[in-house]
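Scroll down for the structure; my scribbles are underneath it.
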Amino acid sequence: MDTRKDLLERFVRYTKYDTMSDETRLPAKHPSTDGQWDLLRALRDELLAMGVKDTVLDENGFVVGNIPANGSDAPSVAFMAHVDTSSACNGNNVHARVIGSYDGNDIVLGNDLVLKTAENPDLEKYRGTTLIVTDGTSLLGADDKAGVAVIMSNVRVLMENPSIKHGPVQVIFTPDEETGMGMDHFPMDRLKSRAVYTLDGSACYRIETECFNAATVNIGFTGVSAHLGAARGRMVNALTMASAFVSSLPQSESPEATDGRLGYYCPYSIEGSVESVRLKLMLRDFDFDGLQRRIDVLKTLSNTIGELYPGSRIDFSSSISYRNMQQANDADPVPLEMLMKAAGELEMPIQVGLIRGGTDGARLAERGIPCPNIFAGGYNFHSLNEWASLEAMHEAFRLVGQIIRCWAE
Ligand SMILES: [Zn+2]
């Protein structure tokens with residue numbers, strides 16, 4: 001089979017499903033949008049049609065397909081991708097356009113958008129090869145349908161070539177990743193694998209082994225309202241308190257002032273009036289103790305603000321959203337070693353990076369399951385400028401195949 005053709009055909013077909021997730025409908029409705037069900041059903045049916053008999057789409061929208069071992073007693077490994085696309089810009093009614101042989105120039109997308117080589121230095125690497133872009137009215141959805149296509153093409157190879165010896169392989173497709181709540185209903189009882197490789201990365205040859213530790217802090221500032229004309233000595237303004245709190249945060253430790261390994265405090269939403277204000281903040285740190293310290297700092301600061309405004313009340317609560325997946329790699333380094341071995345055998349110049357965010361894998365890593373994240377070949381995620389390289393997708397395809405073979409040895 002022509003694997004590039006298979007990848008391209010699948011990818012373009014999957015982009016046609018309207019699978020934007022919608023955080024506001026969770027948790028009442030999950031998956032949050034009907035288009036996700038359509039793609040999940042299609043993937044289940046394709047797996048069954050390829051002969052993956054043990055495939056289930058459960059009531060929460062998770063597809064798990066089990067390919068039994070054939071002649072290898074290797075442990076089970078899983079490959080996972082998400083079917084939803086970001087709601088950061090329009091992701092429905094996608095018109096993917098295939099550029100058969102890219103000429104190296106700026107690409108006019110449509111809708112007054114131009115993909116400029118000056119802003120996309122990676123484009124140059126793909127001169128003469130196949131790119132997939134949009135018409136400028138939507139994102140492309142390579143995040144993460146490129147990952148879905150890479151996994152499905154590998155399934156096809158395994159099912160059509162029984163001579164390839166492999167251990168048990170699980171393929172998993174998830175909904176609502178972009179909302180951060182997609183894993184709430186993950187069917188842990190179906191997961192039999194020692195490692196779950198997520199195909200949810202971007203640039204070719206880049207893998208990610210670490211993500212942030214993340215916490216959400218909610219603070220309630222309660223003041224005392226009074227008639228404005230007779231407020232002297234009586235009114236305590238919750239808006240003033242919340243403003244003082246936000247102004248006291250270190251500006252140099254904000255998302256807009258940090259990159260690399262630096263963590264941050266981010267005031268995320270605020271609502272209220274004189275009488276009460278609710279403030280929500282996002283905290284991120286690659287070091288878990290560092291994250292705890294950030295929570296403590298906010299707690300101390302909110303208490304201080306409370307003391308500065310007699311008669312007020314402060315309600316402080318914090319919760320951990322996800323944890324750095326590196327800890328699972330440290331506890332069981334073999335899955336990452338297998339990835340690097342496979343890449344070495346294919347002479348791929350792998351770059352290991354950090355995710356300044358989380359992945360679905362981070363939620364599994366919390367339970368001790370290593371979940372390295374592998375590139376899938378898309379660029380400029382969550383934007384109308386999103387594009388994908390078929391060559392990069394094909395390299396991801398080769399890497400997945402090689403990882404399966406490495407485990408089988
Ligand atoms: Zn993604």
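All residue names refer to the structure tokens as shown: chains lettered A, B, ... in order, residues numbered from 1 in each chain, ligands numbered from 1 in order.
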
(request) Produce as an MDAnalysis selection string the set of residues near ligand 1, where near means within 12 Å with only C-alpha atoms and all ligand atoms considered. (result) chainID A and resid 20:21 80:87 141:148 173:180 182 198:202 355 357:361 373:382

(request) Return as a PyMOL selection string the full set of residues in stretch 195-384 of chain A whose backbone-based DSSP assignment is strand (DSSP E). (result) chain A and resi 195-201+206-211+213-222+264-272+276-285+313-322+351-355+373-375+378-379

Near-A:Pro250 list (10 Å; only C-alpha atoms; drop same-chain fewer than 6 positions) as a compact mmCIF listing (two decimals) with C-alpha atoms, in the first residue's frame:
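Once written, selection-v3.txt looks like this:
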```txt
# COMPACT_ATOMS: atom_id res chain seq x y z
CA TYR A 264 3.61 31.67 36.04
CA TYR A 265 0.59 33.16 37.77
CA CYS A 266 -2.29 34.09 35.47
```

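The shortest atom-to-atom distance to A:Ile219, with only C-alpha atoms taken into account, belongs to A:Ile305 out of A:Val155, A:Val196, A:Ile305, A:Met340.
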
(message) Could you pull out the helix (DSSP H, G or I) residues of stretch 250-373 of chain A, going by DSSP on the backbone, and write them as a PyMOL selection string?
(response) chain A and resi 251-253+255-257+288-308+326-331+334-345+360-365
